[in-house]
$ cat upload28.txt   # compact mmCIF, C-alpha atoms
# COMPACT_ATOMS: atom_id res chain seq x y z
CA MET Z 1 112.63 85.04 114.89
CA THR Z 2 113.23 81.52 113.67
CA GLU Z 3 115.72 79.26 115.44
CA ARG Z 4 117.91 79.17 112.37
CA LYS Z 5 119.68 82.49 112.51
CA ASP Z 6 120.50 84.61 109.50
CA GLY Z 7 124.15 84.05 108.58
CA ALA Z 8 124.65 87.68 107.63
CA ALA Z 9 123.18 88.80 110.94
CA CYS Z 10 125.38 86.40 112.92
CA ALA Z 11 128.48 87.73 111.21
CA ALA Z 12 127.28 91.27 111.78
CA ALA Z 13 126.84 90.70 115.50
CA ARG Z 14 130.61 90.40 115.83
CA ARG Z 15 131.28 93.71 114.12
CA PRO Z 16 132.70 96.38 116.44
CA HIS Z 17 130.45 99.06 117.87
CA VAL Z 18 130.79 102.58 116.39
CA PRO Z 19 130.73 105.05 119.32
CA SER Z 20 130.49 108.13 117.11
CA TRP Z 21 127.08 106.95 115.90
CA ASP Z 22 125.81 107.11 119.48
CA VAL Z 23 126.91 110.75 119.65
CA LEU Z 24 125.10 111.48 116.39
CA ARG Z 25 121.93 109.68 117.51
CA THR Z 26 121.97 111.66 120.75
CA ALA Z 27 122.41 114.93 118.85
CA ALA Z 28 119.64 114.06 116.40
CA PHE Z 29 117.18 113.10 119.13
CA ALA Z 30 117.93 116.19 121.23
CA ALA Z 31 117.57 118.38 118.14
CA VAL Z 32 114.19 116.85 117.23
CA ALA Z 33 112.88 117.38 120.77
CA ALA Z 34 114.11 120.98 120.76
CA GLN Z 35 112.49 121.56 117.34
CA HIS Z 36 109.11 120.51 118.66
CA ILE Z 37 109.48 122.73 121.71
CA LEU Z 38 110.34 125.68 119.46
CA GLY Z 39 107.27 124.84 117.40
CA ALA Z 40 105.10 125.00 120.51
CA TYR Z 41 106.74 128.29 121.48
CA ALA Z 42 106.07 129.78 118.03
CA ARG Z 43 102.35 128.95 118.27
CA ARG Z 44 101.84 131.20 121.29
CA TYR Z 45 99.73 134.27 120.58
CA ASP Z 46 101.50 136.50 123.12
CA ILE Z 47 105.08 136.49 121.82
CA GLY Z 48 106.77 139.54 120.34
CA SER Z 49 108.88 139.94 117.22
CA SER Z 50 112.16 139.58 119.13
CA GLU Z 51 111.09 136.19 120.46
CA LYS Z 52 109.99 135.11 116.99
CA VAL Z 53 113.43 136.03 115.67
CA VAL Z 54 115.10 133.93 118.38
CA ILE Z 55 112.80 130.97 117.60
CA ALA Z 56 113.41 131.20 113.85
CA ALA Z 57 117.19 131.48 114.22
CA SER Z 58 117.40 128.71 116.81
CA PHE Z 59 115.40 126.33 114.64
CA GLU Z 60 117.95 126.59 111.82
CA LEU Z 61 120.66 125.32 114.18
CA LEU Z 62 118.63 122.13 114.59
CA ARG Z 63 117.37 121.50 111.05
CA PHE Z 64 119.91 118.70 110.50
CA ALA Z 65 118.06 116.33 112.86
CA VAL Z 66 115.82 114.21 110.60
CA PRO Z 67 118.28 113.95 107.67
CA LEU Z 68 120.87 112.78 110.21
CA PHE Z 69 118.49 110.13 111.54
CA VAL Z 70 117.89 108.84 108.00
CA MET Z 71 121.62 108.82 107.29
CA LEU Z 72 122.28 106.82 110.46
CA PHE Z 73 119.60 104.29 109.53
CA GLY Z 74 121.29 103.71 106.17
CA ALA Z 75 124.69 103.50 107.83
CA ALA Z 76 123.55 100.90 110.37
CA LEU Z 77 121.82 98.82 107.70
CA PHE Z 78 124.84 98.52 105.42
CA TYR Z 79 127.25 98.16 108.34
CA VAL Z 80 125.34 95.31 109.95
CA TYR Z 81 124.53 93.46 106.71
CA ARG Z 82 127.47 93.11 104.38
CA GLU Z 83 125.37 90.73 102.28
CA PRO Z 84 121.62 90.93 101.64
CA PRO Z 85 119.80 89.52 104.67
CA ARG Z 86 117.24 86.76 104.37
CA TYR Z 87 114.08 88.77 103.92
CA VAL Z 88 111.58 87.05 106.21
CA PRO Z 89 113.86 86.80 109.30
CA TYR Z 90 114.95 90.40 108.65
CA LEU Z 91 111.34 91.63 108.56
CA ALA Z 92 110.50 89.63 111.67
CA LYS Z 93 113.33 91.32 113.53
CA ARG Z 94 112.27 94.79 112.36
CA VAL Z 95 108.65 94.13 113.31
CA ARG Z 96 109.81 93.37 116.84
CA GLN Z 97 112.22 96.30 117.02
CA LEU Z 98 110.29 99.00 115.17
CA VAL Z 99 106.68 98.11 114.40
CA LEU Z 100 105.52 96.79 117.78
CA PRO Z 101 106.73 99.86 119.75
CA TYR Z 102 105.22 102.06 117.03
CA ALA Z 103 101.85 100.28 117.38
CA ILE Z 104 101.87 100.66 121.16
CA TRP Z 105 102.74 104.35 121.06
CA THR Z 106 100.17 104.97 118.32
CA ALA Z 107 97.54 103.53 120.67
CA VAL Z 108 98.86 105.68 123.54
CA TYR Z 109 98.64 108.90 121.52
CA LEU Z 110 95.16 108.03 120.23
CA TRP Z 111 94.02 107.41 123.80
CA TYR Z 112 95.64 110.60 125.01
CA ALA Z 113 93.86 112.57 122.27
CA GLU Z 114 90.59 111.01 123.50
CA LYS Z 115 90.04 109.18 120.25
CA PRO Z 116 88.61 105.66 120.18
CA VAL Z 117 91.40 103.09 120.42
CA THR Z 118 90.47 100.12 118.26
CA LEU Z 119 92.49 97.82 116.04
CA ARG Z 120 91.18 99.75 113.07
CA SER Z 121 92.11 103.16 114.48
CA VAL Z 122 95.59 101.94 115.45
CA ALA Z 123 96.13 100.40 112.00
CA ARG Z 124 95.01 103.60 110.33
CA GLY Z 125 97.16 105.73 112.62
CA MET Z 126 100.18 103.57 111.86
CA ALA Z 127 99.57 103.72 108.11
CA TYR Z 128 99.26 107.51 108.01
CA GLY Z 129 101.53 108.33 110.95
CA ASP Z 130 99.01 110.90 112.19
CA ALA Z 131 98.27 109.69 115.72
CA SER Z 132 100.76 112.37 116.75
CA TYR Z 133 102.59 114.97 114.71
CA HIS Z 134 106.00 113.29 115.01
CA LEU Z 135 105.04 109.74 114.03
CA TRP Z 136 105.17 110.44 110.28
CA TYR Z 137 108.91 109.72 110.52
CA VAL Z 138 108.28 106.08 111.42
CA THR Z 139 105.97 105.53 108.44
CA MET Z 140 108.70 106.91 106.20
CA ILE Z 141 111.53 104.84 107.68
CA LEU Z 142 109.45 101.65 107.49
CA GLN Z 143 109.36 102.09 103.72
CA PHE Z 144 113.15 101.72 103.71
CA VAL Z 145 112.77 98.61 105.85
CA VAL Z 146 110.36 96.95 103.43
CA LEU Z 147 112.42 97.86 100.34
CA VAL Z 148 115.71 96.47 101.67
CA PRO Z 149 116.16 93.93 98.80
CA LEU Z 150 115.93 96.77 96.28
CA PHE Z 151 118.71 98.74 97.99
CA PHE Z 152 121.04 95.76 98.21
CA ALA Z 153 120.36 94.92 94.56
CA ALA Z 154 121.29 98.48 93.62
CA ARG Z 155 124.48 98.29 95.69
CA ASN Z 156 125.51 94.97 94.13
CA GLY Z 157 124.80 96.35 90.67
CA LEU Z 158 127.06 99.32 91.35
CA ARG Z 159 129.79 96.98 92.56
CA ARG Z 160 129.66 95.01 89.32
CA CYS Z 161 129.60 98.08 87.08
CA CYS Z 162 132.09 100.24 88.98
CA MET Z 163 135.23 98.18 89.35
CA THR Z 164 137.56 101.20 89.42
CA GLN Z 165 137.66 104.27 91.64
CA LYS Z 166 137.07 106.56 88.64
CA ARG Z 167 133.89 104.72 87.68
CA MET Z 168 132.65 104.82 91.24
CA ILE Z 169 133.16 108.60 91.44
CA VAL Z 170 131.31 109.11 88.13
CA ALA Z 171 128.45 106.84 89.22
CA SER Z 172 128.16 108.64 92.58
CA ALA Z 173 128.06 112.02 90.84
CA LEU Z 174 125.35 110.83 88.44
CA LEU Z 175 123.24 109.43 91.27
CA LEU Z 176 123.63 112.64 93.26
CA GLY Z 177 122.59 114.66 90.21
CA ALA Z 178 119.54 112.45 89.64
CA TRP Z 179 118.47 112.89 93.27
CA LEU Z 180 118.86 116.68 93.08
CA LEU Z 181 116.77 116.75 89.89
CA LEU Z 182 114.11 114.72 91.69
CA LEU Z 183 114.11 117.27 94.53
CA ALA Z 184 113.65 120.09 92.02
CA PHE Z 185 110.82 118.33 90.17
CA ARG Z 186 107.37 119.61 91.22
CA PRO Z 187 104.62 117.91 89.18
CA SER Z 188 101.25 119.69 89.20
CA ASP Z 189 98.92 116.69 89.33
CA GLY Z 190 98.58 112.93 89.20
CA LEU Z 191 100.36 110.25 91.20
CA ALA Z 192 103.69 112.05 90.85
CA HIS Z 193 102.16 115.11 92.55
CA GLN Z 194 100.91 112.93 95.40
CA LEU Z 195 104.32 111.30 95.89
CA LEU Z 196 106.59 114.31 95.40
CA VAL Z 197 104.47 117.18 96.70
CA THR Z 198 101.50 116.12 98.85
CA TRP Z 199 103.38 113.33 100.65
CA ARG Z 200 106.75 115.00 100.18
CA THR Z 201 108.15 114.23 103.63
CA ARG Z 202 106.37 110.91 104.21
CA GLY Z 203 107.60 109.07 101.13
CA PHE Z 204 111.04 107.52 100.99
CA LEU Z 205 112.03 108.85 97.55
CA LEU Z 206 113.14 112.34 98.52
CA TRP Z 207 115.10 110.99 101.49
CA MET Z 208 117.16 108.72 99.27
CA GLY Z 209 120.19 111.03 99.14
CA TYR Z 210 120.60 111.06 102.92
CA PHE Z 211 120.01 107.32 103.05
CA ALA Z 212 122.64 106.77 100.33
CA LEU Z 213 125.12 108.90 102.28
CA GLY Z 214 124.52 106.58 105.23
CA ALA Z 215 124.92 103.52 103.01
CA LEU Z 216 128.30 104.86 101.91
CA CYS Z 217 129.26 105.40 105.55
CA GLY Z 218 128.13 101.94 106.60
CA SER Z 219 129.87 100.22 103.68
CA PHE Z 220 133.21 102.01 104.28
CA PRO Z 221 133.09 103.15 107.93
CA GLU Z 222 136.82 103.59 108.45
CA ALA Z 223 137.31 105.57 105.24
CA PHE Z 224 134.22 107.70 105.89
CA ALA Z 225 135.38 108.52 109.41
CA ALA Z 226 138.85 109.39 108.13
CA TRP Z 227 137.38 111.79 105.55
CA ALA Z 228 135.11 113.36 108.17
CA ARG Z 229 138.09 114.02 110.43
CA ARG Z 230 140.20 115.31 107.56
CA LEU Z 231 137.52 117.67 106.22
CA ILE Z 232 136.17 118.89 109.55
CA VAL Z 233 137.48 122.46 109.09
CA PRO Z 234 136.26 123.16 105.53
CA ALA Z 235 133.00 121.26 106.17
CA GLY Z 236 132.55 123.28 109.36
CA LEU Z 237 133.04 126.58 107.54
CA ILE Z 238 130.54 125.58 104.87
CA SER Z 239 128.08 124.46 107.56
CA VAL Z 240 128.38 127.76 109.42
CA GLY Z 241 127.74 129.60 106.17
CA ALA Z 242 124.73 127.40 105.38
CA VAL Z 243 123.21 127.86 108.83
CA GLY Z 244 123.89 131.60 108.71
CA TYR Z 245 122.17 131.90 105.34
CA ALA Z 246 119.19 129.85 106.58
CA MET Z 247 118.95 132.04 109.68
CA TRP Z 248 118.93 135.15 107.52
CA LEU Z 249 116.10 133.77 105.39
CA SER Z 250 114.07 132.75 108.45
CA VAL Z 251 114.56 136.06 110.25
CA ARG Z 252 113.70 137.99 107.09
CA THR Z 253 110.48 135.98 106.83
CA VAL Z 254 109.59 136.92 110.42
CA TYR Z 255 109.90 140.61 109.60
CA GLN Z 256 108.01 140.23 106.32
CA LYS Z 257 105.12 138.08 107.54
CA GLY Z 258 105.13 138.82 111.24
CA ALA Z 259 105.21 135.08 111.98
CA VAL Z 260 107.70 132.21 112.15
CA ASP Z 261 107.74 130.09 109.00
CA PHE Z 262 109.60 126.83 109.58
CA ASN Z 263 109.24 125.92 105.89
CA CYS Z 264 111.01 128.88 104.33
CA VAL Z 265 114.17 126.72 104.25
CA SER Z 266 113.96 123.06 103.28
CA TYR Z 267 116.40 120.17 103.27
CA PHE Z 268 114.51 119.12 100.13
CA SER Z 269 115.63 122.12 98.09
CA PRO Z 270 118.56 120.94 95.93
CA GLY Z 271 121.08 123.53 97.11
CA TYR Z 272 120.29 123.23 100.79
CA ALA Z 273 120.19 119.43 100.51
CA VAL Z 274 123.85 119.45 99.47
CA LEU Z 275 124.67 121.85 102.31
CA THR Z 276 122.83 119.55 104.74
CA MET Z 277 124.97 116.62 103.60
CA VAL Z 278 128.08 118.71 104.20
CA THR Z 279 126.72 119.58 107.65
CA ILE Z 280 126.27 115.87 108.40
CA LEU Z 281 129.87 115.26 107.37
CA PHE Z 282 130.97 118.05 109.73
CA LEU Z 283 128.90 116.63 112.60
CA TYR Z 284 130.43 113.22 111.96
CA GLY Z 285 133.89 114.74 112.32
CA VAL Z 286 132.86 116.45 115.55
CA ALA Z 287 131.46 113.16 116.85
CA GLU Z 288 134.74 111.42 116.06
CA TRP Z 289 136.50 114.04 118.16
CA LEU Z 290 134.01 113.92 121.06
CA VAL Z 291 134.19 110.15 121.55
CA ARG Z 292 137.74 110.52 122.82
CA TRP Z 293 136.15 111.33 126.20
CA ARG Z 294 134.89 108.29 128.08
CA ALA Z 295 132.08 110.29 129.75
CA VAL Z 296 130.74 111.29 126.34
CA GLN Z 297 130.84 107.65 125.20
CA ARG Z 298 128.93 106.47 128.26
CA VAL Z 299 126.22 109.15 128.19
CA CYS Z 300 125.70 109.05 124.43
CA GLY Z 301 125.90 105.25 124.41
CA PHE Z 302 123.02 105.15 126.89
CA VAL Z 303 120.92 107.67 124.97
CA GLY Z 304 121.78 106.11 121.62
CA ARG Z 305 120.58 102.65 122.72
CA HIS Z 306 117.20 104.07 123.65
CA SER Z 307 116.86 106.85 121.06
CA TYR Z 308 114.07 105.20 119.04
CA GLU Z 309 111.82 104.57 122.03
CA ALA Z 310 112.68 108.05 123.34
CA TYR Z 311 111.68 109.56 120.01
CA LEU Z 312 108.31 107.81 120.20
CA ALA Z 313 107.73 108.99 123.78
CA HIS Z 314 109.05 112.54 123.74
CA VAL Z 315 105.93 114.36 122.51
CA LEU Z 316 103.84 112.90 125.35
CA VAL Z 317 106.55 113.89 127.84
CA LEU Z 318 106.70 117.37 126.31
CA THR Z 319 102.94 117.84 126.66
CA ARG Z 320 102.74 116.58 130.23
CA CYS Z 321 105.79 118.55 131.41
CA SER Z 322 104.49 121.71 129.76
CA ARG Z 323 101.15 121.44 131.56
CA PHE Z 324 102.85 120.68 134.87
CA LEU Z 325 105.12 123.71 134.62
CA LEU Z 326 102.27 126.00 133.57
CA ASP Z 327 100.09 124.79 136.45
CA HIS Z 328 102.76 125.18 139.13
CA TRP Z 329 104.83 128.14 137.89
CA PRO Z 330 102.58 130.22 135.61
CA GLU Z 331 104.67 133.37 136.08
CA MET Z 332 107.97 131.78 135.07
CA ASN Z 333 110.03 133.74 132.54
CA ARG Z 334 109.32 132.31 129.08
CA TYR Z 335 112.96 131.75 128.15
CA VAL Z 336 113.53 129.92 131.45
CA PHE Z 337 110.28 127.98 130.96
CA TYR Z 338 111.28 126.61 127.56
CA ALA Z 339 114.84 125.90 128.67
CA VAL Z 340 113.53 123.86 131.61
CA LEU Z 341 110.95 122.20 129.35
CA THR Z 342 113.67 121.16 126.91
CA VAL Z 343 115.76 119.50 129.63
CA CYS Z 344 112.73 117.80 131.19
CA THR Z 345 111.51 116.51 127.82
CA ILE Z 346 114.85 115.04 126.76
CA VAL Z 347 115.68 113.50 130.15
CA GLY Z 348 112.14 112.29 130.76
CA ALA Z 349 111.79 110.67 127.33
CA VAL Z 350 115.13 108.88 127.68
CA LEU Z 351 114.23 107.57 131.14
CA ILE Z 352 110.85 106.31 129.91
CA ALA Z 353 112.58 104.66 126.95
CA TRP Z 354 115.10 103.01 129.27
CA ALA Z 355 112.31 101.73 131.53
CA VAL Z 356 110.30 100.34 128.59
CA ASP Z 357 113.34 98.72 126.96
CA SER Z 358 114.40 97.22 130.29
CA LEU Z 359 110.93 95.78 130.85
CA VAL Z 360 110.90 94.29 127.35
CA ALA Z 361 114.33 92.74 127.96
CA VAL Z 362 113.13 91.17 131.22
CA LEU Z 363 110.04 89.77 129.51
CA ARG Z 364 112.11 88.33 126.68
CA ARG Z 365 114.47 86.63 129.14
CA GLY Z 366 111.48 85.19 130.95
CA VAL Z 367 109.99 83.84 127.72
CA ARG Z 368 113.32 82.24 126.76
CA GLN Z 369 113.61 80.59 130.19
CA MET Z 370 110.07 79.25 129.93
CA ARG Z 371 110.79 77.83 126.49
CA GLY Z 372 114.00 76.24 127.75
CA GLN Z 373 112.21 74.62 130.68
CA ALA Z 374 109.44 73.37 128.35
CA LYS Z 375 112.01 71.70 126.08
CA THR Z 376 113.70 69.95 128.99
$ encode --input "upload28.txt" --output "structure tokens"
Amino acid sequence: MTERKDGAACAAARRPHVPSWDVLRTAAFAAVAAQHILGAYARRYDIGSSEKVVIAASFELLRFAVPLFVMLFGAALFYVYREPPRYVPYLAKRVRQLVLPYAIWTAVYLWYAEKPVTLRSVARGMAYGDASYHLWYVTMILQFVVLVPLFFAARNGLRRCCMTQKRMIVASALLLGAWLLLLAFRPSDGLAHQLLVTWRTRGFLLWMGYFALGALCGSFPEAFAAWARRLIVPAGLISVGAVGYAMWLSVRTVYQKGAVDFNCVSYFSPGYAVLTMVTILFLYGVAEWLVRWRAVQRVCGFVGRHSYEAYLAHVLVLTRCSRFLLDHWPEMNRYVFYAVLTVCTIVGAVLIAWAVDSLVAVLRRGVRQMRGQAKT
């Protein structure tokens, strides 16, 4: 960071904290960790059809996780920066917050996989997000980081064109329709096929609807929270119906194919994308209700502060804990095993994230003190 601070960032630093976002970050992180544990469970060769049904149904309860993460990223961006940030200081800050931890953990996963750890291998792993199966998310979210000027230009253009509430509603409906058409479009070849089919999850385009929902939340946080509280009952009923339908499709697939198919329902299908957005609205209302308890605020505030580092670390924790449990309690009941593994993974990843973030904070304070002493 340069000494001259970004004016938009300075103003943003005084904006009040949003406790409900900590609850949502905690829920999203826990859901992602549980998804990966269910994925490991489903890959076992010795599980029966009843266990496969439980895995398939349980996964649908957690499918909201990544769309919710993307929504929260958009919300934080447009909440913190009311005006477009100066690009170079903004990128410098994101490199420190996002890219450097990503580079370190990419190297860790390459080393753990017994692959050669070189600058070239780390750079390639970061570009493709394939050093571990969960790191694709970071490559996708970094695209939003780089394209920040484009998103603020689009927002300012909408402000100029939509001076009335009616125009804003029409524009929002048109943008939603365009995004749903993009989700339905499946080109057969060419660059469009690469972007919309081959790299479907890793490109930013198909995530734009969830990001835009977050941008709406971050731009009008009080109004968005009020709507979430007001619509919690109908949104909850729709969410229950959506999850129930997804469970039915997943369980039916188990009986038809004899295996769990995590892709039989997608938050990129137009209909289910809308239902996922409604589910996010419902979860937001639930979070607004939960933050009334101080204990919830404290626990989720702690997890929320370290959720990014915990996300990066959790697959390594999952692998190590799984091997430890198998080595020491090989006869443990499978349901108990995966329940214990889930708790150990979530708690262990958060503790590692806290330790890493604390170490980084200490190092930063030391560097600042050294610079201050050098100036004097």
$ closest_residue --input "upload28.txt" --among "Z:Pro149, Z:Arg82, Z:Ala57, Z:Ala259" --to "Arg43 of chain Z" --atoms "all atoms listed in the file"
Z:Ala259
$ atom_distance --input "upload28.txt" --atom1 "atom CA of Ile55 of chain Z" --atom2 "atom CA of Thr201 of chain Z"
22.3 Å
$ residues_near_point --input "upload28.txt" --point "(110.8, 134.5, 109.3)" --cutoff "10 Å" --atoms "all atoms listed in the file" --output "MDAnalysis selection string"
chainID Z and resid 49 52:53 55:57 246:265
$ residues_around --input "upload28.txt" --residues "Leu135 of chain Z" --least-positions-apart "4" --cutoff "10 Å" --atoms "all atoms listed in the file" --output "number ranges by chain"
Z: 102, 105-106, 109, 125-126, 128-131, 139-140, 202, 311-312, 315
$ write_last_selection --input "upload28.txt" --atoms "C-alpha atoms" --output "PDB file, in the coordinates of the input"
ATOM      1  CA  TYR Z 102     105.220 102.060 117.030  1.00  0.00           C
ATOM      2  CA  TRP Z 105     102.740 104.350 121.060  1.00  0.00           C
ATOM      3  CA  THR Z 106     100.170 104.970 118.320  1.00  0.00           C
ATOM      4  CA  TYR Z 109      98.640 108.900 121.520  1.00  0.00           C
ATOM      5  CA  GLY Z 125      97.160 105.730 112.620  1.00  0.00           C
ATOM      6  CA  MET Z 126     100.180 103.570 111.860  1.00  0.00           C
ATOM      7  CA  TYR Z 128      99.260 107.510 108.010  1.00  0.00           C
ATOM      8  CA  GLY Z 129     101.530 108.330 110.950  1.00  0.00           C
ATOM      9  CA  ASP Z 130      99.010 110.900 112.190  1.00  0.00           C
ATOM     10  CA  ALA Z 131      98.270 109.690 115.720  1.00  0.00           C
ATOM     11  CA  THR Z 139     105.970 105.530 108.440  1.00  0.00           C
ATOM     12  CA  MET Z 140     108.700 106.910 106.200  1.00  0.00           C
ATOM     13  CA  ARG Z 202     106.370 110.910 104.210  1.00  0.00           C
ATOM     14  CA  TYR Z 311     111.680 109.560 120.010  1.00  0.00           C
ATOM     15  CA  LEU Z 312     108.310 107.810 120.200  1.00  0.00           C
ATOM     16  CA  VAL Z 315     105.930 114.360 122.510  1.00  0.00           C
TER      17      VAL Z 315
END
$ closest_residue --input "upload28.txt" --among "Z:Val340, Z:Gly241, Z:Ser219, Z:Val54" --to "Asn156 of chain Z" --atoms "all atoms listed in the file"
Z:Ser219
$ build_atoms --input "upload28.txt" --residues "segment 183-199 of chain Z" --atoms "N, CA and C atoms" --output "mmCIF file, keeping the file's coordinate frame"
data_model
loop_
_atom_site.group_PDB
_atom_site.id
_atom_site.type_symbol
_atom_site.label_atom_id
_atom_site.label_comp_id
_atom_site.auth_asym_id
_atom_site.auth_seq_id
_atom_site.Cartn_x
_atom_site.Cartn_y
_atom_site.Cartn_z
ATOM 1 N N LEU Z 183 114.505 116.272 93.531
ATOM 2 C CA LEU Z 183 114.110 117.270 94.530
ATOM 3 C C LEU Z 183 113.544 118.519 93.863
ATOM 4 N N ALA Z 184 114.091 118.875 92.712
ATOM 5 C CA ALA Z 184 113.650 120.090 92.020
ATOM 6 C C ALA Z 184 112.356 119.887 91.237
ATOM 7 N N PHE Z 185 111.989 118.628 91.001
ATOM 8 C CA PHE Z 185 110.820 118.330 90.170
ATOM 9 C C PHE Z 185 109.551 118.508 90.989
ATOM 10 N N ARG Z 186 108.632 119.344 90.530
ATOM 11 C CA ARG Z 186 107.370 119.610 91.220
ATOM 12 C C ARG Z 186 106.198 119.398 90.266
ATOM 13 N N PRO Z 187 105.755 118.163 90.071
ATOM 14 C CA PRO Z 187 104.620 117.910 89.180
ATOM 15 C C PRO Z 187 103.344 118.555 89.710
ATOM 16 N N SER Z 188 102.449 118.940 88.808
ATOM 17 C CA SER Z 188 101.250 119.690 89.200
ATOM 18 C C SER Z 188 100.066 118.793 89.530
ATOM 19 N N ASP Z 189 100.057 117.559 89.032
ATOM 20 C CA ASP Z 189 98.920 116.690 89.330
ATOM 21 C C ASP Z 189 99.318 115.231 89.146
ATOM 22 N N GLY Z 190 98.348 114.350 89.382
ATOM 23 C CA GLY Z 190 98.580 112.930 89.200
ATOM 24 C C GLY Z 190 99.287 112.280 90.370
ATOM 25 N N LEU Z 191 99.682 111.015 90.163
ATOM 26 C CA LEU Z 191 100.360 110.250 91.200
ATOM 27 C C LEU Z 191 101.695 110.880 91.573
ATOM 28 N N ALA Z 192 102.407 111.410 90.575
ATOM 29 C CA ALA Z 192 103.690 112.050 90.850
ATOM 30 C C ALA Z 192 103.518 113.236 91.799
ATOM 31 N N HIS Z 193 102.429 113.986 91.643
ATOM 32 C CA HIS Z 193 102.160 115.110 92.550
ATOM 33 C C HIS Z 193 101.911 114.600 93.968
ATOM 34 N N GLN Z 194 101.170 113.497 94.084
ATOM 35 C CA GLN Z 194 100.910 112.930 95.400
ATOM 36 C C GLN Z 194 102.212 112.495 96.075
ATOM 37 N N LEU Z 195 103.096 111.842 95.309
ATOM 38 C CA LEU Z 195 104.320 111.300 95.890
ATOM 39 C C LEU Z 195 105.350 112.373 96.196
ATOM 40 N N LEU Z 196 105.489 113.361 95.299
ATOM 41 C CA LEU Z 196 106.590 114.310 95.400
ATOM 42 C C LEU Z 196 106.205 115.660 95.986
ATOM 43 N N VAL Z 197 104.896 115.900 96.146
ATOM 44 C CA VAL Z 197 104.470 117.180 96.700
ATOM 45 C C VAL Z 197 103.573 116.966 97.929
ATOM 46 N N THR Z 198 102.438 116.297 97.738
ATOM 47 C CA THR Z 198 101.500 116.120 98.850
ATOM 48 C C THR Z 198 102.117 115.324 99.988
ATOM 49 N N TRP Z 199 102.741 114.187 99.642
ATOM 50 C CA TRP Z 199 103.380 113.330 100.650
ATOM 51 C C TRP Z 199 104.899 113.483 100.603
#
